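To start, the structure itself, in structure tokens.
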Amino acid sequence: MELPTPLERVPGAIAEFVGRDDLWLKREDLNELGMFKWRAALPVVASFVGDGSSVVVTSSTGNHGSAVAWACRQTDAQAIVFVPPGATPAKLELLERLGAEVRVAGADLDEAKDAARAWAAGKELPFFEDGAEPLQYDAYGAIGDEIVDQSPSSPAAIVVPVGNGALAGGIGAAVGRRAPGIVRIGVVAGAMPVMAASYEMGEPVDVPTRSTIADGLAVRVAIPLAVERLSTTVDRMLRVSERGLSDAL
């Protein structure tokens with residue numbers, strides 16, 4: 001994987017849609033996986049392998065699982081990924097292409113996670129819960145450092161999508177350390193607002209959820225470590241409606 005990833009001015013169509021052109025995109029999609037999650041998966045998987053494990057168990061709607069499978073391939077380990085029914089076919093195909101053993105369980109991501117955790121415990125294998133490993137936050141901090149280094153001028157704000165919260169937690173920590181004047185904004189799918197509600201309450205909470213087209217942000221149960229980290233690394237949390245997501249796409 002090539003680092004640092006580019007920081008590019010938004011294309012004209014996006015600038016026209018939002019009504020301003022002083023926006024920049026951190027292009028974490030320009031790699032063989034098309035995602036940022038490999039940055040955190042590699043050090044976590046490497047730590048499990050370093051502790052003597054040759055198998056890593058996780059759960060995912062696709063992207064995290066693919067990153068874990070890729071990291072396992074780099075470290076000569078085997079990934080076993082529990083996915084919920086209805087996972088995107090393209091993401092399942094990538095999982096299998098990367099050598100992961102895929103198991104379908106539960107009704108949604110959080111039930112698949114429970115199944116994966118229980119199965120891993122029964123086999124005495126490490127379970128990699130996305131957002132629950134401190135090494136993930138350290139790894140994602142590098143993205144924040146790169147943004148500060150690459151920006152032509154100090155941005156007024158940095159906006160980060162929030163699923164389980166690790167990405168925003170890592171970027172926010174780095175930006176807060178390097179450029180404390182930048183406002184750090186997290187964005188959740190309004191249909192899945194558990195991380196926003198937990199952030200606002202200062203602790204994990206349960207809230208009603210609905211399905212969302214942003215399947216990568218579809219978190220129903222808040223991760224305590226993420227809520228703790230976001231309390232000091234995000235300044236505002238915004239909810240985006242399904243209509244807003246659809247319009248943006």
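Here, A, B, ... name the chains of the structure tokens in the order displayed, residue numbers run from 1 inside each chain, and ligands are numbered from 1 in the same displayed order.
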Nearby residues (only C-alpha atoms) at most 12 Å from Phe48 (chain A), same-chain spacing under 3 positions excluded, as a PyMOL selection string: chain A and resi 41-45+51-57+68+71-72+75-79+125-128+133+135
Counting only C-alpha atoms, what are the residues of region 54-170 of chain A within 10 Å of region 18-25 of chain A, and for each of them which pair of atoms is the nearest and at what distance in Å, to one decimal? Sort the table by chain and rising number, as CSV.
residue,atom,partner,partner_atom,distance
A:Ile147,CA,A:Leu25,CA,9.4
A:Ser151,CA,A:Trp24,CA,8.5
A:Pro155,CA,A:Leu23,CA,9.0
A:Ala157,CA,A:Leu23,CA,9.9
A:Ile158,CA,A:Trp24,CA,9.4
A:Val159,CA,A:Leu25,CA,9.8
May I have the selected residues written with C-alpha atoms, as a short mmCIF file (atom, residue, chain, number, x, y, z; two decimals), in the first residue's frame?
data_model
loop_
_atom_site.label_atom_id
_atom_site.label_comp_id
_atom_site.auth_asym_id
_atom_site.auth_seq_id
_atom_site.Cartn_x
_atom_site.Cartn_y
_atom_site.Cartn_z
CA ILE A 147 -4.19 15.73 6.40
CA SER A 151 -3.39 20.77 3.55
CA PRO A 155 -8.77 23.78 7.31
CA ALA A 157 -13.04 21.73 9.87
CA ILE A 158 -12.44 18.07 9.15
CA VAL A 159 -15.48 15.85 8.58
#
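Of the residues in region 91-200 of chain A, those given strand (DSSP E) by DSSP on the backbone are A:Glu101, A:Val102, A:Arg103, A:Val104, A:Phe127, A:Phe128, A:Ala157, A:Ile158, A:Val159, A:Val160, A:Pro161, A:Val183, A:Arg184, A:Ile185, A:Gly186, A:Val187, A:Val188, A:Ala189.
Distances to Glu8 (chain A) were evaluated for A:Ile80, A:Leu30, A:Ala132, A:Val207 using only C-alpha atoms, and the minimum falls at A:Leu30.
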Per-residue DSSP, region 12-235 of chain A, filtered to alpha helix (DSSP H), as number ranges by chain: A: 12-18, 38-50, 63-74, 89-97, 109-123, 134-150, 166-178, 194-201, 224-233
Test item: residues at most 7 Å from Leu167 (chain A), only C-alpha atoms, excluding those fewer than 3 positions along its chain, as a list in words: Tyr137, Tyr140, Gly170 and Ile171 of chain A
